[in-house]
$ cat work.cif   # mmCIF, C-alpha atoms (C1' of nucleotides)
data_entry
loop_
_atom_site.group_PDB
_atom_site.id
_atom_site.type_symbol
_atom_site.label_atom_id
_atom_site.label_comp_id
_atom_site.auth_asym_id
_atom_site.auth_seq_id
_atom_site.Cartn_x
_atom_site.Cartn_y
_atom_site.Cartn_z
ATOM 1 C CA MET A 1 157.187 108.363 70.099
ATOM 2 C CA THR A 2 155.343 109.990 72.954
ATOM 3 C CA ARG A 3 151.713 110.608 72.365
ATOM 4 C CA THR A 4 150.868 114.281 71.934
ATOM 5 C CA PRO A 5 149.034 115.461 75.026
ATOM 6 C CA PRO A 6 145.637 116.983 74.379
ATOM 7 C CA ILE A 7 145.610 120.753 74.562
ATOM 8 C CA THR A 8 142.664 123.007 75.151
ATOM 9 C CA ASP A 9 141.341 125.899 73.106
ATOM 10 C CA ALA A 10 143.097 128.548 75.128
ATOM 11 C CA GLU A 11 146.278 126.540 74.938
ATOM 12 C CA TRP A 12 145.970 126.318 71.184
ATOM 13 C CA ASP A 13 145.970 130.074 70.993
ATOM 14 C CA VAL A 14 149.227 130.162 72.896
ATOM 15 C CA MET A 15 150.835 127.433 70.834
ATOM 16 C CA ASN A 16 149.790 129.119 67.645
ATOM 17 C CA VAL A 17 151.793 132.208 68.445
ATOM 18 C CA LEU A 18 154.776 130.098 69.440
ATOM 19 C CA TRP A 19 154.534 128.034 66.293
ATOM 20 C CA GLU A 20 154.432 131.215 64.334
ATOM 21 C CA LYS A 21 157.616 132.448 65.947
ATOM 22 C CA SER A 22 159.799 131.100 68.719
ATOM 23 C CA PRO A 23 161.205 131.737 71.169
ATOM 24 C CA ARG A 24 159.185 134.369 72.909
ATOM 25 C CA THR A 25 158.809 135.635 76.442
ATOM 26 C CA ALA A 26 155.547 135.252 78.317
ATOM 27 C CA MET A 27 154.970 138.962 77.907
ATOM 28 C CA GLU A 28 155.419 138.787 74.168
ATOM 29 C CA VAL A 29 152.950 135.949 73.911
ATOM 30 C CA ALA A 30 150.453 137.835 76.024
ATOM 31 C CA GLU A 31 150.802 140.868 73.812
ATOM 32 C CA ALA A 32 150.492 138.852 70.635
ATOM 33 C CA LEU A 33 147.247 137.416 71.967
ATOM 34 C CA ASP A 34 146.136 140.572 73.671
ATOM 35 C CA ARG A 35 145.316 138.624 76.768
ATOM 36 C CA HIS A 36 146.047 139.111 80.441
ATOM 37 C CA PRO A 37 149.708 138.223 81.171
ATOM 38 C CA LYS A 38 148.782 136.210 84.227
ATOM 39 C CA THR A 39 146.393 134.108 82.248
ATOM 40 C CA VAL A 40 148.990 133.502 79.602
ATOM 41 C CA LYS A 41 151.548 132.561 82.224
ATOM 42 C CA THR A 42 149.200 129.944 83.602
ATOM 43 C CA LEU A 43 148.694 128.501 80.159
ATOM 44 C CA LEU A 44 152.409 128.486 79.434
ATOM 45 C CA GLY A 45 152.974 126.696 82.709
ATOM 46 C CA ARG A 46 150.390 124.068 81.926
ATOM 47 C CA LEU A 47 151.824 123.539 78.471
ATOM 48 C CA ALA A 48 155.298 123.220 79.900
ATOM 49 C CA ARG A 49 154.103 120.623 82.360
ATOM 50 C CA LYS A 50 152.698 118.694 79.412
ATOM 51 C CA ASN A 51 156.023 119.062 77.600
ATOM 52 C CA VAL A 52 154.340 120.637 74.643
ATOM 53 C CA LEU A 53 156.684 123.555 74.954
ATOM 54 C CA ARG A 54 160.143 124.041 76.298
ATOM 55 C CA TYR A 55 161.765 127.068 77.873
ATOM 56 C CA ARG A 56 165.188 128.382 78.511
ATOM 57 C CA GLU A 57 166.207 131.029 80.981
ATOM 58 C CA GLU A 58 167.386 134.339 79.753
ATOM 59 C CA GLY A 59 168.237 136.659 82.642
ATOM 60 C CA ASN A 60 165.266 136.641 84.951
ATOM 61 C CA ARG A 61 162.783 135.544 82.392
ATOM 62 C CA TYR A 62 162.008 132.521 80.301
ATOM 63 C CA LEU A 63 162.066 132.148 76.586
ATOM 64 C CA TYR A 64 159.407 129.726 75.458
ATOM 65 C CA SER A 65 159.483 127.600 72.337
ATOM 66 C CA ALA A 66 157.206 124.966 70.887
ATOM 67 C CA ALA A 67 158.581 121.523 71.584
ATOM 68 C CA ILE A 68 156.269 119.571 69.344
ATOM 69 C CA PRO A 69 155.889 120.395 65.670
ATOM 70 C CA ARG A 70 152.669 122.000 64.713
ATOM 71 C CA GLN A 71 152.229 119.533 61.924
ATOM 72 C CA ARG A 72 151.817 116.753 64.333
ATOM 73 C CA TYR A 73 149.161 118.541 66.297
ATOM 74 C CA VAL A 74 147.284 119.597 63.235
ATOM 75 C CA ARG A 75 147.279 116.051 61.994
ATOM 76 C CA GLU A 76 145.994 114.559 65.219
ATOM 77 C CA GLU A 77 143.447 117.233 65.893
ATOM 78 C CA SER A 78 142.177 117.049 62.367
ATOM 79 C CA ALA A 79 141.717 113.340 62.632
ATOM 80 C CA SER A 80 139.724 113.557 65.807
ATOM 81 C CA PHE A 81 137.702 116.489 64.559
ATOM 82 C CA ILE A 82 136.871 114.820 61.282
ATOM 83 C CA ASP A 83 136.025 111.702 63.126
ATOM 84 C CA ARG A 84 133.632 113.534 65.378
ATOM 85 C CA VAL A 85 132.013 115.887 62.925
ATOM 86 C CA PHE A 86 132.347 114.176 59.583
ATOM 87 C CA GLY A 87 132.162 110.667 60.885
ATOM 88 C CA GLY A 88 135.647 109.887 59.657
ATOM 89 C CA GLU A 89 135.060 110.925 56.057
ATOM 90 C CA THR A 90 138.205 112.864 55.369
ATOM 91 C CA THR A 91 137.698 114.033 51.847
ATOM 92 C CA PRO A 92 134.272 115.564 52.280
ATOM 93 C CA ALA A 93 135.706 117.407 55.232
ATOM 94 C CA LEU A 94 138.600 118.595 53.165
ATOM 95 C CA MET A 95 136.309 119.847 50.451
ATOM 96 C CA HIS A 96 134.299 121.677 52.982
ATOM 97 C CA PHE A 97 137.455 123.309 54.317
ATOM 98 C CA VAL A 98 138.716 124.310 50.924
ATOM 99 C CA ARG A 99 135.362 125.750 50.054
ATOM 100 C CA SER A 100 135.154 127.800 53.183
ATOM 101 C CA THR A 101 138.689 129.113 53.238
ATOM 102 C CA ARG A 102 139.447 132.415 51.648
ATOM 103 C CA MET A 103 142.490 132.137 49.372
ATOM 104 C CA THR A 104 144.439 134.310 47.035
ATOM 105 C CA GLN A 105 144.826 133.369 43.379
ATOM 106 C CA GLU A 106 148.416 132.349 44.074
ATOM 107 C CA GLU A 107 147.325 130.036 46.828
ATOM 108 C CA ILE A 108 144.709 128.530 44.598
ATOM 109 C CA GLU A 109 147.396 127.960 41.998
ATOM 110 C CA GLU A 110 149.614 126.357 44.578
ATOM 111 C CA LEU A 111 146.830 124.038 45.577
ATOM 112 C CA ARG A 112 146.241 123.114 41.967
ATOM 113 C CA ARG A 113 149.868 122.156 41.676
ATOM 114 C CA ILE A 114 149.571 119.987 44.729
ATOM 115 C CA LEU A 115 146.564 118.288 43.209
ATOM 116 C CA ASP A 116 148.472 117.729 39.993
ATOM 117 C CA GLU A 117 151.214 116.011 41.925
ATOM 118 C CA LYS A 118 148.673 113.839 43.644
ATOM 119 C CA ALA A 119 146.979 112.931 40.399
ATOM 120 C CA GLU A 120 150.385 112.147 38.989
ATOM 121 C CA ALA A 121 151.392 109.940 41.857
ATOM 122 C CA GLY A 122 148.165 108.072 41.196
ATOM 123 C CA SER A 123 146.046 106.970 44.088
ATOM 124 C CA MET B 1 118.413 133.144 63.277
ATOM 125 C CA THR B 2 119.351 131.875 66.694
ATOM 126 C CA ARG B 3 122.992 131.108 67.134
ATOM 127 C CA THR B 4 123.688 127.406 67.472
ATOM 128 C CA PRO B 5 124.680 126.680 71.064
ATOM 129 C CA PRO B 6 128.082 125.053 71.464
ATOM 130 C CA ILE B 7 127.915 121.363 72.191
ATOM 131 C CA THR B 8 130.567 119.222 73.798
ATOM 132 C CA ASP B 9 132.215 116.052 72.558
ATOM 133 C CA ALA B 10 129.943 113.758 74.513
ATOM 134 C CA GLU B 11 126.970 115.728 73.269
ATOM 135 C CA TRP B 12 128.143 115.360 69.706
ATOM 136 C CA ASP B 13 128.060 111.627 70.105
ATOM 137 C CA VAL B 14 124.460 111.829 71.175
ATOM 138 C CA MET B 15 123.499 114.203 68.403
ATOM 139 C CA ASN B 16 125.188 112.043 65.838
ATOM 140 C CA VAL B 17 122.948 109.128 66.608
ATOM 141 C CA LEU B 18 119.900 111.375 66.538
ATOM 142 C CA TRP B 19 120.941 112.915 63.266
ATOM 143 C CA GLU B 20 121.390 109.479 61.912
ATOM 144 C CA LYS B 21 117.878 108.498 62.885
ATOM 145 C CA SER B 22 115.154 110.259 64.838
ATOM 146 C CA PRO B 23 113.191 110.018 66.948
ATOM 147 C CA ARG B 24 114.610 107.681 69.514
ATOM 148 C CA THR B 25 114.089 106.975 73.174
ATOM 149 C CA ALA B 26 116.836 107.632 75.689
ATOM 150 C CA MET B 27 117.358 103.925 75.999
ATOM 151 C CA GLU B 28 117.821 103.516 72.284
ATOM 152 C CA VAL B 29 120.377 106.258 72.179
ATOM 153 C CA ALA B 30 122.229 104.742 75.095
ATOM 154 C CA GLU B 31 122.305 101.413 73.359
ATOM 155 C CA ALA B 32 123.448 102.885 70.082
ATOM 156 C CA LEU B 33 126.325 104.525 71.908
ATOM 157 C CA ASP B 34 126.888 101.685 74.290
ATOM 158 C CA ARG B 35 126.988 104.104 77.176
ATOM 159 C CA HIS B 36 125.406 104.207 80.606
ATOM 160 C CA PRO B 37 121.724 105.175 80.281
ATOM 161 C CA LYS B 38 121.981 107.679 83.102
ATOM 162 C CA THR B 39 124.839 109.427 81.436
ATOM 163 C CA VAL B 40 122.958 109.601 78.185
ATOM 164 C CA LYS B 41 119.894 110.926 79.962
ATOM 165 C CA THR B 42 121.940 113.750 81.417
ATOM 166 C CA LEU B 43 123.315 114.618 78.015
ATOM 167 C CA LEU B 44 119.872 114.511 76.447
ATOM 168 C CA GLY B 45 118.621 116.801 79.172
ATOM 169 C CA ARG B 46 121.414 119.283 78.609
ATOM 170 C CA LEU B 47 120.862 119.243 74.881
ATOM 171 C CA ALA B 48 117.152 119.782 75.405
ATOM 172 C CA ARG B 49 117.855 122.754 77.621
ATOM 173 C CA LYS B 50 119.983 124.188 74.829
ATOM 174 C CA ASN B 51 117.165 123.530 72.367
ATOM 175 C CA VAL B 52 119.430 121.490 70.166
ATOM 176 C CA LEU B 53 116.964 118.679 70.376
ATOM 177 C CA ARG B 54 113.275 118.407 70.931
ATOM 178 C CA TYR B 55 111.222 115.671 72.525
ATOM 179 C CA ARG B 56 107.709 114.474 72.584
ATOM 180 C CA GLU B 57 106.023 112.262 75.131
ATOM 181 C CA GLU B 58 105.048 108.791 74.209
ATOM 182 C CA GLY B 59 103.488 106.975 77.144
ATOM 183 C CA ASN B 60 105.796 107.389 80.080
ATOM 184 C CA ARG B 61 108.890 108.019 77.991
ATOM 185 C CA TYR B 62 110.220 110.667 75.670
ATOM 186 C CA LEU B 63 111.049 110.434 72.019
ATOM 187 C CA TYR B 64 113.979 112.661 71.179
ATOM 188 C CA SER B 65 114.717 114.258 67.836
ATOM 189 C CA ALA B 66 117.366 116.627 66.579
ATOM 190 C CA ALA B 67 116.011 120.151 66.389
ATOM 191 C CA ILE B 68 118.864 121.733 64.492
ATOM 192 C CA PRO B 69 120.074 120.369 61.178
ATOM 193 C CA ARG B 70 123.405 118.677 61.219
ATOM 194 C CA GLN B 71 124.554 120.759 58.288
ATOM 195 C CA ARG B 72 124.447 123.869 60.334
ATOM 196 C CA TYR B 73 126.526 122.379 63.093
ATOM 197 C CA VAL B 74 129.068 121.020 60.702
ATOM 198 C CA ARG B 75 129.449 124.418 59.137
ATOM 199 C CA GLU B 76 129.932 126.273 62.377
ATOM 200 C CA GLU B 77 132.144 123.687 63.986
ATOM 201 C CA SER B 78 134.331 123.570 60.937
ATOM 202 C CA ALA B 79 134.772 127.289 60.981
ATOM 203 C CA SER B 80 135.840 127.371 64.587
ATOM 204 C CA PHE B 81 138.021 124.328 64.125
ATOM 205 C CA ILE B 82 139.852 125.880 61.212
ATOM 206 C CA ASP B 83 140.285 129.032 63.139
ATOM 207 C CA ARG B 84 141.616 127.292 66.198
ATOM 208 C CA VAL B 85 143.817 124.645 64.666
ATOM 209 C CA PHE B 86 144.967 126.341 61.547
ATOM 210 C CA GLY B 87 145.257 129.571 63.449
ATOM 211 C CA GLY B 88 146.150 132.542 61.341
ATOM 212 C CA GLU B 89 147.966 130.398 58.826
ATOM 213 C CA THR B 90 144.963 128.720 57.334
ATOM 214 C CA THR B 91 146.096 128.067 53.817
ATOM 215 C CA PRO B 92 149.533 126.574 54.450
ATOM 216 C CA ALA B 93 148.017 124.164 56.910
ATOM 217 C CA LEU B 94 145.271 123.357 54.478
ATOM 218 C CA MET B 95 147.860 122.571 51.811
ATOM 219 C CA HIS B 96 149.637 120.257 54.108
ATOM 220 C CA PHE B 97 146.335 118.667 54.839
ATOM 221 C CA VAL B 98 145.556 118.142 51.201
ATOM 222 C CA ARG B 99 149.012 116.755 50.587
ATOM 223 C CA SER B 100 148.680 114.186 53.307
ATOM 224 C CA THR B 101 145.176 113.009 52.500
ATOM 225 C CA ARG B 102 144.764 110.003 50.318
ATOM 226 C CA MET B 103 142.263 110.684 47.555
ATOM 227 C CA THR B 104 140.845 108.955 44.529
ATOM 228 C CA GLN B 105 141.152 110.514 41.082
ATOM 229 C CA GLU B 106 137.485 111.432 41.230
ATOM 230 C CA GLU B 107 137.966 113.246 44.491
ATOM 231 C CA ILE B 108 140.930 115.090 43.082
ATOM 232 C CA GLU B 109 138.769 116.110 40.154
ATOM 233 C CA GLU B 110 136.073 117.273 42.492
ATOM 234 C CA LEU B 111 138.555 119.363 44.397
ATOM 235 C CA ARG B 112 139.828 120.880 41.189
ATOM 236 C CA ARG B 113 136.313 121.922 40.353
ATOM 237 C CA ILE B 114 135.977 123.555 43.720
ATOM 238 C CA LEU B 115 139.192 125.450 43.122
ATOM 239 C CA ASP B 116 137.955 126.564 39.729
ATOM 240 C CA GLU B 117 134.866 127.969 41.377
ATOM 241 C CA LYS B 118 136.981 129.772 43.900
ATOM 242 C CA ALA B 119 139.301 131.187 41.267
ATOM 243 C CA GLU B 120 136.233 132.335 39.401
ATOM 244 C CA ALA B 121 134.565 133.933 42.370
ATOM 245 C CA GLY B 122 137.732 135.482 43.714
ATOM 246 C CA SER B 123 139.235 138.768 42.497
ATOM 247 C "C1'" DT C 1 95.345 95.861 93.466
ATOM 248 C "C1'" DT C 2 99.910 96.116 94.856
ATOM 249 C "C1'" DG C 3 104.452 96.432 94.276
ATOM 250 C "C1'" DC C 4 108.109 96.505 91.049
ATOM 251 C "C1'" DA C 5 110.532 97.999 87.016
ATOM 252 C "C1'" DC C 6 111.441 102.024 84.160
ATOM 253 C "C1'" DT C 7 111.582 106.762 83.158
ATOM 254 C "C1'" DG C 8 112.496 111.436 83.669
ATOM 255 C "C1'" DA C 9 113.936 115.176 87.222
ATOM 256 C "C1'" DC C 10 117.138 116.523 90.294
ATOM 257 C "C1'" DT C 11 121.481 116.108 92.675
ATOM 258 C "C1'" DA C 12 126.415 114.898 93.041
ATOM 259 C "C1'" DC C 13 131.042 115.359 92.276
ATOM 260 C "C1'" DA C 14 135.744 115.195 90.723
ATOM 261 C "C1'" DA C 15 138.622 116.774 86.885
ATOM 262 C "C1'" DA C 16 139.455 120.064 83.442
ATOM 263 C "C1'" DC C 17 139.229 124.954 82.024
ATOM 264 C "C1'" DG C 18 139.531 129.808 81.730
ATOM 265 C "C1'" DT C 19 140.791 133.523 84.112
ATOM 266 C "C1'" DA C 20 143.367 135.719 87.440
ATOM 267 C "C1'" DA C 21 145.237 137.235 92.091
ATOM 268 C "C1'" DT C 22 148.782 136.616 95.574
ATOM 269 C "C1'" DC C 23 153.352 135.507 96.967
ATOM 270 C "C1'" DC C 24 158.188 135.654 96.553
ATOM 271 C "C1'" DA C 25 162.693 136.332 94.407
ATOM 272 C "C1'" DT C 26 165.385 139.318 91.760
ATOM 273 C "C1'" DA C 27 166.974 142.822 88.445
ATOM 274 C "C1'" DC C 28 167.030 147.548 87.461
ATOM 275 C "C1'" DT C 29 166.498 152.716 89.080
ATOM 276 C "C1'" DG C 30 167.640 156.463 91.528
ATOM 277 C "C1'" DC D 1 172.115 150.307 98.610
ATOM 278 C "C1'" DA D 2 167.111 150.624 99.109
ATOM 279 C "C1'" DG D 3 162.813 150.497 96.856
ATOM 280 C "C1'" DT D 4 160.193 149.293 93.162
ATOM 281 C "C1'" DA D 5 158.802 146.872 89.301
ATOM 282 C "C1'" DT D 6 158.736 142.558 86.911
ATOM 283 C "C1'" DG D 7 158.542 137.638 86.182
ATOM 284 C "C1'" DG D 8 157.731 132.963 87.531
ATOM 285 C "C1'" DA D 9 155.438 129.750 91.175
ATOM 286 C "C1'" DT D 10 151.593 128.882 93.704
ATOM 287 C "C1'" DT D 11 146.954 129.358 94.882
ATOM 288 C "C1'" DA D 12 142.144 130.493 93.856
ATOM 289 C "C1'" DC D 13 137.704 129.983 92.111
ATOM 290 C "C1'" DG D 14 133.520 129.780 89.476
ATOM 291 C "C1'" DT D 15 132.003 127.073 85.324
ATOM 292 C "C1'" DT D 16 131.819 123.270 82.295
ATOM 293 C "C1'" DT D 17 132.129 118.498 81.376
ATOM 294 C "C1'" DG D 18 131.793 113.582 81.873
ATOM 295 C "C1'" DT D 19 129.863 110.281 84.487
ATOM 296 C "C1'" DA D 20 126.506 108.657 87.304
ATOM 297 C "C1'" DG D 21 123.546 108.187 91.682
ATOM 298 C "C1'" DT D 22 119.107 109.263 94.154
ATOM 299 C "C1'" DC D 23 114.281 110.481 94.173
ATOM 300 C "C1'" DA D 24 109.662 110.314 92.779
ATOM 301 C "C1'" DG D 25 105.888 109.176 89.566
ATOM 302 C "C1'" DT D 26 103.513 105.627 86.910
ATOM 303 C "C1'" DG D 27 102.216 101.901 83.921
ATOM 304 C "C1'" DC D 28 102.381 96.934 83.826
ATOM 305 C "C1'" DA D 29 102.815 92.079 85.688
ATOM 306 C "C1'" DA D 30 101.001 88.925 88.896
#

$ encode --input "work.cif" --output "structure tokens"
Amino acid sequence: MTRTPPITDAEWDVMNVLWEKSPRTAMEVAEALDRHPKTVKTLLGRLARKNVLRYREEGNRYLYSAAIPRQRYVREESASFIDRVFGGETTPALMHFVRSTRMTQEEIEELRRILDEKAEAGS
Amino acid sequence: MTRTPPITDAEWDVMNVLWEKSPRTAMEVAEALDRHPKTVKTLLGRLARKNVLRYREEGNRYLYSAAIPRQRYVREESASFIDRVFGGETTPALMHFVRSTRMTQEEIEELRRILDEKAEAGS
DNA sequence: TTGCACTGACTACAAACGTAATCCATACTG
DNA sequence: CAGTATGGATTACGTTTGTAGTCAGTGCAA
């Protein structure tokens, strides 16, 4: 298992749109982000070099797709963030997140169900 | 209310030791972090310039203290982290996060309470 | 009292970043 | 078929970051 290469803030933006929907052309990504196409191209290139995304030719353009599941990145980034900001205390961090995230009633319900499962499973 | 200036990873390390206990001399901070004193001095200087910490002279050396409460940084950093990493899809990612975090029954209870509050407040 | 040991101020510097512009090949338009 | 527009590759460039070295002042040891 290759280690996930670190990606920067701007690169996260790009990956987020690809994780949301792949594949996309550079132009589509740029539009989704409302950022300069050249800038986005640079970022796509850097991400490709890191093998975080993959592309396939389609006519004269490339179709980019995420090559590493978002889950994995979220997990690793969360760990390092929590480590840095919360000193490794995961649960307090989680509570903070839940508190500060706006959710619909359905989502709250869903979360309750998840908690029920966890309680069930026991520790 | 002045906006909290962004601080880098290395700067977080420094602030963490100051938040843990202030005031401290540059040397003490360097020792706590086990990092080169010169490096730490640079970081302290940058943080001072950003007014994130304050210092007071004591003989020929400075005693540094955090000038902005940790709480505030945690709040802001969390917000930007959630935004960046969870992207638009905050809640699904959060659910995954909850699912994959090991918690005690008490913590689960605590989280339930938080959800109750949210359900209450919402709609 | 004299020089050294520390300290902060200033300077250095390469790598990473964000943001693009330029260059070059090629696909579509007229 | 020629010219133009478009897309990727390469190059650019100021700023930020991590990491530390150099310089200059000063309090303490001898």

$ closest_residue --input "work.cif" --among "B:Arg70, B:Arg35, B:Ala30, B:Leu44" --to "chain D" --atoms "only C-alpha atoms (C1' of nucleotides)"
B:Arg35

$ closest_residue --input "work.cif" --among "A:Asn51, A:Thr42, A:Asn16, A:Ser65" --to "chain B" --atoms "all atoms listed in the file"
A:Asn16

$ calpha_fit_and_write --input "work.cif" --fixed "chain B" --moving "chain A" --output "short mmCIF file (atom, residue, chain, number, x, y, z; two decimals) with C-alpha atoms, keeping the file's coordinate frame"
data_model
loop_
_atom_site.label_atom_id
_atom_site.label_comp_id
_atom_site.auth_asym_id
_atom_site.auth_seq_id
_atom_site.Cartn_x
_atom_site.Cartn_y
_atom_site.Cartn_z
CA MET A 1 119.26 134.19 65.06
CA THR A 2 120.07 132.60 68.37
CA ARG A 3 123.68 131.91 68.97
CA THR A 4 124.54 128.22 68.88
CA PRO A 5 125.28 127.07 72.41
CA PRO A 6 128.68 125.48 72.89
CA ILE A 7 128.56 121.71 73.13
CA THR A 8 131.12 119.43 74.65
CA ASP A 9 132.96 116.47 73.17
CA ALA A 10 130.60 113.89 74.57
CA GLU A 11 127.69 115.95 73.35
CA TRP A 12 129.17 116.09 69.88
CA ASP A 13 129.15 112.33 69.76
CA VAL A 14 125.46 112.33 70.53
CA MET A 15 124.64 115.05 68.03
CA ASN A 16 126.61 113.28 65.36
CA VAL A 17 124.39 110.24 65.53
CA LEU A 18 121.29 112.42 65.50
CA TRP A 19 122.56 114.41 62.56
CA GLU A 20 123.21 111.19 60.78
CA LYS A 21 119.65 110.04 61.32
CA SER A 22 116.73 111.48 63.24
CA PRO A 23 114.61 110.91 65.12
CA ARG A 24 115.92 108.28 67.45
CA THR A 25 115.13 107.08 70.94
CA ALA A 26 117.64 107.45 73.74
CA MET A 27 118.24 103.73 73.59
CA GLU A 28 119.00 103.83 69.90
CA VAL A 29 121.49 106.63 70.40
CA ALA A 30 123.15 104.74 73.22
CA GLU A 31 123.45 101.67 71.05
CA ALA A 32 124.79 103.62 68.11
CA LEU A 33 127.48 105.03 70.38
CA ASP A 34 127.93 101.89 72.39
CA ARG A 35 127.77 103.89 75.56
CA HIS A 36 125.90 103.49 78.82
CA PRO A 37 122.22 104.45 78.34
CA LYS A 38 122.17 106.50 81.50
CA THR A 39 125.11 108.53 80.35
CA VAL A 40 123.49 109.12 77.01
CA LYS A 41 120.26 110.16 78.68
CA THR A 42 122.11 112.76 80.69
CA LEU A 43 123.70 114.13 77.57
CA LEU A 44 120.41 114.19 75.70
CA GLY A 45 118.88 116.05 78.60
CA ARG A 46 121.63 118.62 78.64
CA LEU A 47 121.38 119.11 74.91
CA ALA A 48 117.64 119.51 75.16
CA ARG A 49 118.05 122.13 77.83
CA LYS A 50 120.35 123.98 75.45
CA ASN A 51 117.76 123.63 72.69
CA VAL A 52 120.26 121.97 70.44
CA LEU A 53 117.88 119.10 70.03
CA ARG A 54 114.16 118.69 70.22
CA TYR A 55 112.06 115.72 71.24
CA ARG A 56 108.58 114.47 70.78
CA GLU A 57 106.78 111.89 72.84
CA GLU A 58 105.98 108.58 71.35
CA GLY A 59 104.21 106.33 73.85
CA ASN A 60 106.30 106.35 76.98
CA ARG A 61 109.49 107.35 75.32
CA TYR A 62 110.95 110.32 73.54
CA LEU A 63 112.07 110.62 70.00
CA TYR A 64 115.00 112.98 69.73
CA SER A 65 115.96 115.04 66.72
CA ALA A 66 118.64 117.61 66.03
CA ALA A 67 117.19 121.09 66.21
CA ILE A 68 120.13 122.96 64.79
CA PRO A 69 121.63 122.06 61.43
CA ARG A 70 124.96 120.38 61.57
CA GLN A 71 126.31 122.79 59.03
CA ARG A 72 126.00 125.61 61.40
CA TYR A 73 127.86 123.82 64.13
CA VAL A 74 130.58 122.67 61.84
CA ARG A 75 131.05 126.19 60.61
CA GLU A 76 131.28 127.73 64.06
CA GLU A 77 133.43 125.03 65.54
CA SER A 78 135.75 125.12 62.59
CA ALA A 79 136.19 128.83 62.94
CA SER A 80 137.07 128.64 66.58
CA PHE A 81 139.32 125.65 66.08
CA ILE A 82 141.18 127.25 63.21
CA ASP A 83 141.46 130.39 65.19
CA ARG A 84 142.98 128.56 68.11
CA VAL A 85 145.24 126.13 66.32
CA PHE A 86 146.02 127.78 63.02
CA GLY A 87 145.86 131.31 64.27
CA GLY A 88 142.96 132.13 61.99
CA GLU A 89 144.63 131.01 58.78
CA THR A 90 141.82 129.10 57.16
CA THR A 91 143.39 127.86 53.99
CA PRO A 92 146.47 126.28 55.51
CA ALA A 93 144.14 124.52 57.88
CA LEU A 94 142.02 123.34 55.02
CA MET A 95 145.03 122.00 53.19
CA HIS A 96 146.09 120.19 56.25
CA PHE A 97 142.64 118.63 56.54
CA VAL A 98 142.50 117.58 52.94
CA ARG A 99 145.93 116.07 53.19
CA SER A 100 145.09 114.08 56.25
CA THR A 101 141.69 112.83 55.21
CA ARG A 102 141.41 109.51 53.50
CA MET A 103 139.25 109.79 50.38
CA THR A 104 138.09 107.60 47.57
CA GLN A 105 138.90 108.47 43.97
CA GLU A 106 135.30 109.56 43.48
CA GLU A 107 135.51 111.91 46.41
CA ILE A 108 138.73 113.33 45.10
CA GLU A 109 137.01 113.89 41.77
CA GLU A 110 134.13 115.58 43.50
CA LEU A 111 136.50 117.88 45.29
CA ARG A 112 138.22 118.72 42.04
CA ARG A 113 134.89 119.73 40.60
CA ILE A 114 134.25 121.95 43.56
CA LEU A 115 137.62 123.57 43.05
CA ASP A 116 136.84 124.10 39.39
CA GLU A 117 133.67 125.90 40.33
CA LYS A 118 135.58 128.06 42.73
CA ALA A 119 138.23 128.88 40.18
CA GLU A 120 135.46 129.69 37.75
CA ALA A 121 133.65 131.97 40.13
CA GLY A 122 136.96 133.77 40.49
CA SER A 123 138.08 134.90 43.89
#

$ interface_residues --input "work.cif" --of "chain A" --to "chain D" --cutoff "10 Å" --atoms "all atoms listed in the file" --output "JSON, numbers by chain"
{"A": [25, 26, 27, 41, 42, 45, 60, 61, 62]}

$ write_last_selection --input "work.cif" --atoms "C-alpha atoms" --output "mmCIF file, keeping the file's coordinate frame"
data_model
loop_
_atom_site.group_PDB
_atom_site.id
_atom_site.type_symbol
_atom_site.label_atom_id
_atom_site.label_comp_id
_atom_site.auth_asym_id
_atom_site.auth_seq_id
_atom_site.Cartn_x
_atom_site.Cartn_y
_atom_site.Cartn_z
ATOM 1 C CA THR A 25 158.809 135.635 76.442
ATOM 2 C CA ALA A 26 155.547 135.252 78.317
ATOM 3 C CA MET A 27 154.970 138.962 77.907
ATOM 4 C CA LYS A 41 151.548 132.561 82.224
ATOM 5 C CA THR A 42 149.200 129.944 83.602
ATOM 6 C CA GLY A 45 152.974 126.696 82.709
ATOM 7 C CA ASN A 60 165.266 136.641 84.951
ATOM 8 C CA ARG A 61 162.783 135.544 82.392
ATOM 9 C CA TYR A 62 162.008 132.521 80.301
#

$ interface_residues --input "work.cif" --of "chain B" --to "chain A" --cutoff "7 Å" --atoms "all atoms listed in the file" --output "list of chain:residue names"
B:Val74, B:Arg84, B:Val85, B:Gly87, B:Met95, B:Arg99, B:Met103, B:Thr104, B:Gln105, B:Ile108, B:Leu111, B:Arg112, B:Ile114, B:Leu115, B:Ala119

$ axis_aligned_box --input "work.cif" --around "stretch 5-10 of chain C" --padding-each-side "4 Å" --output "JSON"
{"center_x": 113.8, "center_y": 107.3, "center_z": 86.7, "size_x": 14.6, "size_y": 26.5, "size_z": 15.1}

$ atom_distance --input "work.cif" --atom1 "atom CA of A:Leu63" --atom2 "atom CA of A:Lys38"
15.9 Å

$ residues_around --input "work.cif" --residues "B:Arg46" --least-positions-apart "6" --cutoff "10 Å" --atoms "all atoms listed in the file" --output "VMD selection string"
chain B and resid 7 11 40 52 to 53

$ closest_residue --input "work.cif" --among "B:Asp83, B:Tyr55, B:Glu31, B:Arg72" --to "chain C" --atoms "all atoms listed in the file"
B:Tyr55

$ closest_atom_pairs --input "work.cif" --of "chain C" --to "chain A" --cutoff "9 Å" --atoms "all atoms listed in the file" --output "tab-separated table"
residue	atom	partner	partner_atom	distance
C:DC17	C1'	A:Thr8	CA	7.9
C:DG18	C1'	A:Ala10	CA	7.6
C:DT19	C1'	A:Thr39	CA	5.9
C:DA20	C1'	A:Thr39	CA	6.2
C:DA21	C1'	A:Lys38	CA	8.7
C:DT26	C1'	A:Asn60	CA	7.3
C:DA27	C1'	A:Asn60	CA	7.3

$ decode --input "work.cif" --residues "stretch 20-24 of chain D" --atoms "C-alpha atoms (C1' of nucleotides)" --output "compact mmCIF listing (two decimals), in the first residue's frame"
# COMPACT_ATOMS: atom_id res chain seq x y z
C1' DA D 20 19.13 27.65 10.33
C1' DG D 21 23.38 30.82 10.05
C1' DT D 22 25.51 35.46 11.03
C1' DC D 23 25.73 39.73 13.58
C1' DA D 24 25.67 42.57 17.48
